[in-house]
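Chemist: Pasting my_file_31.pdb below, which is PDB, N, CA and C atoms, pLDDT in the B column.
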```pdb
ATOM      1  N   MET A   1     117.699 120.269 112.404  1.00 59.00           N
ATOM      2  CA  MET A   1     118.642 119.224 112.040  1.00 59.00           C
ATOM      3  C   MET A   1     118.916 118.321 113.227  1.00 59.00           C
ATOM      4  N   SER A   2     118.917 118.910 114.415  1.00 66.00           N
ATOM      5  CA  SER A   2     119.169 118.134 115.622  1.00 66.00           C
ATOM      6  C   SER A   2     118.083 117.083 115.838  1.00 66.00           C
ATOM      7  N   GLY A   3     116.827 117.458 115.569  1.00 67.00           N
ATOM      8  CA  GLY A   3     115.722 116.511 115.716  1.00 67.00           C
ATOM      9  C   GLY A   3     115.848 115.357 114.741  1.00 67.00           C
ATOM     10  N   PHE A   4     116.325 115.661 113.542  1.00 68.00           N
ATOM     11  CA  PHE A   4     116.526 114.613 112.548  1.00 68.00           C
ATOM     12  C   PHE A   4     117.582 113.620 113.015  1.00 68.00           C
ATOM     13  N   ASN A   5     118.672 114.125 113.596  1.00 75.00           N
ATOM     14  CA  ASN A   5     119.729 113.243 114.084  1.00 75.00           C
ATOM     15  C   ASN A   5     119.225 112.353 115.216  1.00 75.00           C
ATOM     16  N   ARG A   6     118.440 112.923 116.142  1.00 73.00           N
ATOM     17  CA  ARG A   6     117.899 112.126 117.244  1.00 73.00           C
ATOM     18  C   ARG A   6     116.971 111.035 116.719  1.00 73.00           C
ATOM     19  N   THR A   7     116.140 111.380 115.744  1.00 73.00           N
ATOM     20  CA  THR A   7     115.229 110.392 115.166  1.00 73.00           C
ATOM     21  C   THR A   7     116.009 109.304 114.461  1.00 73.00           C
ATOM     22  N   PHE A   8     117.030 109.688 113.715  1.00 70.00           N
ATOM     23  CA  PHE A   8     117.847 108.708 113.008  1.00 70.00           C
ATOM     24  C   PHE A   8     118.547 107.778 113.991  1.00 70.00           C
ATOM     25  N   ASN A   9     119.088 108.321 115.079  1.00 72.00           N
ATOM     26  CA  ASN A   9     119.751 107.481 116.082  1.00 72.00           C
ATOM     27  C   ASN A   9     118.764 106.519 116.734  1.00 72.00           C
ATOM     28  N   PHE A  10     117.548 106.983 117.004  1.00 71.00           N
ATOM     29  CA  PHE A  10     116.535 106.118 117.598  1.00 71.00           C
ATOM     30  C   PHE A  10     116.191 104.970 116.659  1.00 71.00           C
ATOM     31  N   LEU A  11     115.994 105.283 115.378  1.00 70.00           N
ATOM     32  CA  LEU A  11     115.659 104.241 114.412  1.00 70.00           C
ATOM     33  C   LEU A  11     116.819 103.275 114.213  1.00 70.00           C
ATOM     34  N   ARG A  12     118.026 103.788 114.272  1.00 69.00           N
ATOM     35  CA  ARG A  12     119.190 102.929 114.092  1.00 69.00           C
ATOM     36  C   ARG A  12     119.304 101.926 115.237  1.00 69.00           C
ATOM     37  N   THR A  13     119.012 102.360 116.475  1.00 66.00           N
ATOM     38  CA  THR A  13     119.102 101.441 117.611  1.00 66.00           C
ATOM     39  C   THR A  13     117.990 100.404 117.578  1.00 66.00           C
ATOM     40  N   THR A  14     116.822 100.742 117.028  1.00 65.00           N
ATOM     41  CA  THR A  14     115.751  99.753 116.965  1.00 65.00           C
ATOM     42  C   THR A  14     115.989  98.731 115.864  1.00 65.00           C
ATOM     43  N   LEU A  15     116.719  99.095 114.830  1.00 65.00           N
ATOM     44  CA  LEU A  15     116.985  98.166 113.738  1.00 65.00           C
ATOM     45  C   LEU A  15     118.212  97.294 113.987  1.00 65.00           C
ATOM     46  N   ARG A  16     119.013  97.648 114.976  1.00 67.00           N
ATOM     47  CA  ARG A  16     120.210  96.884 115.288  1.00 67.00           C
ATOM     48  C   ARG A  16     119.813  95.527 115.866  1.00 67.00           C
ATOM     49  N   PRO A  17     120.483  94.440 115.462  1.00 70.00           N
ATOM     50  CA  PRO A  17     120.138  93.133 116.038  1.00 70.00           C
ATOM     51  C   PRO A  17     120.445  93.105 117.534  1.00 70.00           C
ATOM     52  N   HIS A  18     119.529  92.522 118.292  1.00 66.00           N
ATOM     53  CA  HIS A  18     119.681  92.474 119.735  1.00 66.00           C
ATOM     54  C   HIS A  18     120.371  91.179 120.150  1.00 66.00           C
ATOM     55  N   ILE A  19     121.171  91.266 121.186  1.00 68.00           N
ATOM     56  CA  ILE A  19     121.853  90.095 121.716  1.00 68.00           C
ATOM     57  C   ILE A  19     120.897  89.379 122.661  1.00 68.00           C
ATOM     58  N   ILE A  20     120.698  88.083 122.435  1.00 66.00           N
ATOM     59  CA  ILE A  20     119.802  87.290 123.269  1.00 66.00           C
ATOM     60  C   ILE A  20     120.642  86.315 124.078  1.00 66.00           C
ATOM     61  N   SER A  21     120.425  86.328 125.375  1.00 67.00           N
ATOM     62  CA  SER A  21     121.154  85.433 126.260  1.00 67.00           C
ATOM     63  C   SER A  21     120.606  84.012 126.136  1.00 67.00           C
ATOM     64  N   ASN A  22     121.490  83.030 126.153  1.00 63.00           N
ATOM     65  CA  ASN A  22     121.093  81.630 126.070  1.00 63.00           C
ATOM     66  C   ASN A  22     120.873  81.016 127.441  1.00 63.00           C
ATOM     67  N   VAL A  23     120.865  81.814 128.488  1.00 66.00           N
ATOM     68  CA  VAL A  23     120.772  81.300 129.844  1.00 66.00           C
ATOM     69  C   VAL A  23     119.441  80.604 130.085  1.00 66.00           C
ATOM     70  N   ASN A  24     118.339  81.173 129.630  1.00 69.00           N
ATOM     71  CA  ASN A  24     117.021  80.632 129.931  1.00 69.00           C
ATOM     72  C   ASN A  24     116.544  79.592 128.924  1.00 69.00           C
ATOM     73  N   ILE A  25     117.304  79.315 127.896  1.00 68.00           N
ATOM     74  CA  ILE A  25     116.901  78.344 126.892  1.00 68.00           C
ATOM     75  C   ILE A  25     117.329  76.962 127.361  1.00 68.00           C
ATOM     76  N   SER A  26     116.379  76.045 127.398  1.00 63.00           N
ATOM     77  CA  SER A  26     116.663  74.702 127.887  1.00 63.00           C
ATOM     78  C   SER A  26     116.207  73.677 126.858  1.00 63.00           C
ATOM     79  N   THR A  27     116.996  72.629 126.681  1.00 73.00           N
ATOM     80  CA  THR A  27     116.625  71.576 125.749  1.00 73.00           C
ATOM     81  C   THR A  27     116.245  70.299 126.475  1.00 73.00           C
ATOM     82  N   LYS A  28     116.226  70.334 127.796  1.00 78.00           N
ATOM     83  CA  LYS A  28     115.868  69.150 128.569  1.00 78.00           C
ATOM     84  C   LYS A  28     114.354  68.967 128.565  1.00 78.00           C
ATOM     85  N   PRO A  29     113.896  67.724 128.686  1.00 81.00           N
ATOM     86  CA  PRO A  29     112.450  67.512 128.812  1.00 81.00           C
ATOM     87  C   PRO A  29     111.957  67.999 130.170  1.00 81.00           C
ATOM     88  N   ALA A  30     110.668  68.175 130.285  1.00 78.00           N
ATOM     89  CA  ALA A  30     110.086  68.663 131.529  1.00 78.00           C
ATOM     90  C   ALA A  30     110.336  67.668 132.656  1.00 78.00           C
ATOM     91  N   LYS A  31     110.530  68.200 133.870  1.00 84.00           N
ATOM     92  CA  LYS A  31     110.753  67.330 135.024  1.00 84.00           C
ATOM     93  C   LYS A  31     109.486  66.586 135.400  1.00 84.00           C
ATOM     94  N   HIS A  32     108.343  67.245 135.244  1.00 88.00           N
ATOM     95  CA  HIS A  32     107.060  66.633 135.584  1.00 88.00           C
ATOM     96  C   HIS A  32     106.131  66.820 134.392  1.00 88.00           C
ATOM     97  N   VAL A  33     105.803  65.735 133.737  1.00 90.00           N
ATOM     98  CA  VAL A  33     104.933  65.796 132.570  1.00 90.00           C
ATOM     99  C   VAL A  33     103.482  65.877 133.046  1.00 90.00           C
ATOM    100  N   LEU A  34     102.742  66.847 132.511  1.00 90.00           N
ATOM    101  CA  LEU A  34     101.343  67.016 132.885  1.00 90.00           C
ATOM    102  C   LEU A  34     100.474  66.008 132.146  1.00 90.00           C
ATOM    103  N   SER A  35      99.584  65.374 132.892  1.00 95.00           N
ATOM    104  CA  SER A  35      98.666  64.431 132.265  1.00 95.00           C
ATOM    105  C   SER A  35      97.559  65.195 131.542  1.00 95.00           C
ATOM    106  N   THR A  36      96.779  64.469 130.774  1.00 96.00           N
ATOM    107  CA  THR A  36      95.676  65.094 130.040  1.00 96.00           C
ATOM    108  C   THR A  36      94.646  65.673 130.996  1.00 96.00           C
ATOM    109  N   GLY A  37      94.394  64.980 132.097  1.00 97.00           N
ATOM    110  CA  GLY A  37      93.444  65.476 133.089  1.00 97.00           C
ATOM    111  C   GLY A  37      93.904  66.770 133.724  1.00 97.00           C
ATOM    112  N   GLU A  38      95.195  66.850 134.048  1.00 96.00           N
ATOM    113  CA  GLU A  38      95.743  68.077 134.636  1.00 96.00           C
ATOM    114  C   GLU A  38      95.668  69.237 133.651  1.00 96.00           C
ATOM    115  N   GLN A  39      95.923  68.961 132.389  1.00 96.00           N
ATOM    116  CA  GLN A  39      95.819  70.000 131.374  1.00 96.00           C
ATOM    117  C   GLN A  39      94.376  70.470 131.212  1.00 96.00           C
ATOM    118  N   ALA A  40      93.428  69.534 131.276  1.00 97.00           N
ATOM    119  CA  ALA A  40      92.014  69.899 131.163  1.00 97.00           C
ATOM    120  C   ALA A  40      91.586  70.758 132.343  1.00 97.00           C
ATOM    121  N   ILE A  41      92.017  70.394 133.550  1.00 98.00           N
ATOM    122  CA  ILE A  41      91.683  71.186 134.738  1.00 98.00           C
ATOM    123  C   ILE A  41      92.267  72.588 134.616  1.00 98.00           C
ATOM    124  N   ALA A  42      93.494  72.696 134.123  1.00 96.00           N
ATOM    125  CA  ALA A  42      94.128  74.009 133.961  1.00 96.00           C
ATOM    126  C   ALA A  42      93.368  74.865 132.948  1.00 96.00           C
ATOM    127  N   MET A  43      92.942  74.273 131.846  1.00 96.00           N
ATOM    128  CA  MET A  43      92.208  75.031 130.829  1.00 96.00           C
ATOM    129  C   MET A  43      90.831  75.465 131.332  1.00 96.00           C
ATOM    130  N   ILE A  44      90.154  74.585 132.079  1.00 96.00           N
ATOM    131  CA  ILE A  44      88.844  74.944 132.638  1.00 96.00           C
ATOM    132  C   ILE A  44      88.995  76.072 133.644  1.00 96.00           C
ATOM    133  N   THR A  45      90.035  75.996 134.481  1.00 97.00           N
ATOM    134  CA  THR A  45      90.279  77.052 135.466  1.00 97.00           C
ATOM    135  C   THR A  45      90.578  78.376 134.774  1.00 97.00           C
ATOM    136  N   LEU A  46      91.388  78.337 133.737  1.00 94.00           N
ATOM    137  CA  LEU A  46      91.693  79.549 132.971  1.00 94.00           C
ATOM    138  C   LEU A  46      90.421  80.138 132.365  1.00 94.00           C
ATOM    139  N   PHE A  47      89.608  79.292 131.786  1.00 93.00           N
ATOM    140  CA  PHE A  47      88.352  79.749 131.191  1.00 93.00           C
ATOM    141  C   PHE A  47      87.452  80.374 132.246  1.00 93.00           C
ATOM    142  N   ALA A  48      87.339  79.703 133.388  1.00 95.00           N
ATOM    143  CA  ALA A  48      86.420  80.180 134.426  1.00 95.00           C
ATOM    144  C   ALA A  48      86.888  81.488 135.046  1.00 95.00           C
ATOM    145  N   THR A  49      88.181  81.662 135.226  1.00 96.00           N
ATOM    146  CA  THR A  49      88.665  82.855 135.924  1.00 96.00           C
ATOM    147  C   THR A  49      88.792  84.073 135.022  1.00 96.00           C
ATOM    148  N   ILE A  50      88.970  83.884 133.731  1.00 94.00           N
ATOM    149  CA  ILE A  50      89.184  85.026 132.841  1.00 94.00           C
ATOM    150  C   ILE A  50      87.988  85.283 131.925  1.00 94.00           C
ATOM    151  N   LEU A  51      87.502  84.256 131.267  1.00 93.00           N
ATOM    152  CA  LEU A  51      86.492  84.477 130.239  1.00 93.00           C
ATOM    153  C   LEU A  51      85.076  84.614 130.781  1.00 93.00           C
ATOM    154  N   VAL A  52      84.744  83.922 131.865  1.00 92.00           N
ATOM    155  CA  VAL A  52      83.382  84.014 132.398  1.00 92.00           C
ATOM    156  C   VAL A  52      83.070  85.425 132.908  1.00 92.00           C
ATOM    157  N   PRO A  53      83.932  86.053 133.739  1.00 93.00           N
ATOM    158  CA  PRO A  53      83.617  87.428 134.154  1.00 93.00           C
ATOM    159  C   PRO A  53      83.552  88.413 132.981  1.00 93.00           C
ATOM    160  N   SER A  54      84.422  88.232 132.005  1.00 94.00           N
ATOM    161  CA  SER A  54      84.387  89.113 130.833  1.00 94.00           C
ATOM    162  C   SER A  54      83.089  88.932 130.063  1.00 94.00           C
ATOM    163  N   GLY A  55      82.657  87.700 129.908  1.00 93.00           N
ATOM    164  CA  GLY A  55      81.397  87.429 129.228  1.00 93.00           C
ATOM    165  C   GLY A  55      80.208  87.987 129.980  1.00 93.00           C
ATOM    166  N   TRP A  56      80.253  87.916 131.309  1.00 93.00           N
ATOM    167  CA  TRP A  56      79.170  88.469 132.128  1.00 93.00           C
ATOM    168  C   TRP A  56      79.052  89.975 131.908  1.00 93.00           C
ATOM    169  N   ILE A  57      80.185  90.649 131.934  1.00 92.00           N
ATOM    170  CA  ILE A  57      80.178  92.102 131.746  1.00 92.00           C
ATOM    171  C   ILE A  57      79.670  92.458 130.354  1.00 92.00           C
ATOM    172  N   LEU A  58      80.141  91.744 129.337  1.00 93.00           N
ATOM    173  CA  LEU A  58      79.705  92.050 127.975  1.00 93.00           C
ATOM    174  C   LEU A  58      78.224  91.752 127.765  1.00 93.00           C
ATOM    175  N   SER A  59      77.714  90.706 128.401  1.00 94.00           N
ATOM    176  CA  SER A  59      76.302  90.379 128.214  1.00 94.00           C
ATOM    177  C   SER A  59      75.388  91.345 128.961  1.00 94.00           C
ATOM    178  N   HIS A  60      75.881  92.000 130.001  1.00 93.00           N
ATOM    179  CA  HIS A  60      75.087  92.952 130.777  1.00 93.00           C
ATOM    180  C   HIS A  60      75.514  94.400 130.529  1.00 93.00           C
ATOM    181  N   LEU A  61      76.161  94.649 129.414  1.00 92.00           N
ATOM    182  CA  LEU A  61      76.672  95.979 129.115  1.00 92.00           C
ATOM    183  C   LEU A  61      75.548  97.011 129.012  1.00 92.00           C
ATOM    184  N   GLU A  62      74.438  96.642 128.425  1.00 92.00           N
ATOM    185  CA  GLU A  62      73.315  97.574 128.299  1.00 92.00           C
ATOM    186  C   GLU A  62      72.755  97.947 129.669  1.00 92.00           C
ATOM    187  N   ASP A  63      72.739  96.988 130.608  1.00 89.00           N
ATOM    188  CA  ASP A  63      72.271  97.287 131.966  1.00 89.00           C
ATOM    189  C   ASP A  63      73.195  98.288 132.648  1.00 89.00           C
ATOM    190  N   TYR A  64      74.497  98.134 132.424  1.00 82.00           N
ATOM    191  CA  TYR A  64      75.455  99.050 133.049  1.00 82.00           C
ATOM    192  C   TYR A  64      75.366 100.453 132.439  1.00 82.00           C
ATOM    193  N   LYS A  65      75.009 100.536 131.156  1.00 86.00           N
ATOM    194  CA  LYS A  65      74.888 101.841 130.504  1.00 86.00           C
ATOM    195  C   LYS A  65      73.697 102.629 131.046  1.00 86.00           C
ATOM    196  N   LYS A  66      72.655 101.923 131.479  1.00 83.00           N
ATOM    197  CA  LYS A  66      71.445 102.584 131.961  1.00 83.00           C
ATOM    198  C   LYS A  66      71.632 103.185 133.346  1.00 83.00           C
ATOM    199  N   ARG A  67      72.597 102.735 134.087  1.00 74.00           N
ATOM    200  CA  ARG A  67      72.800 103.228 135.454  1.00 74.00           C
ATOM    201  C   ARG A  67      73.357 104.614 135.482  1.00 74.00           C
TER
END
```
Translate the structure of the given file into structure tokens.

Modeler:
Amino acid sequence: MSGFNRTFNFLRTTLRPHIISNVNISTKPAKHVLSTGEQAIAMITLFATILVPSGWILSHLEDYKKR
């Protein structure tokens, strides 16, 4: 019975609405608007640093299995 009570209390706390602080919510526009070129550079950098190494590993997976 004790385990049932602990489980019920755990579920009750997860279903309770959580209080969210409004401190970090801002309605002001950005101080520095990014141009299209800056956004393109950021996306290319993201692609190059994350997806290219992952693609390399996946494309050479059979070579790594043979070692």

Chemist: What is the distance between atom N of Val52 of chain A and atom C of Ala40 of chain A, in Å to one decimal?

Modeler: 14.8 Å

Chemist: Which distance in Å separates atom CA of Pro53 of chain A and atom C of Ile41 of chain A, to one decimal?

Modeler: 17.2 Å

Chemist: Go ahead and compute the interatomic distance for atom N of Ile44 of chain A and atom N of Lys31 of chain A, in Å to one decimal.

Modeler: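 Separating atom N of Ile44 of chain A from atom N of Lys31 of chain A is a distance of 21.4 Å.
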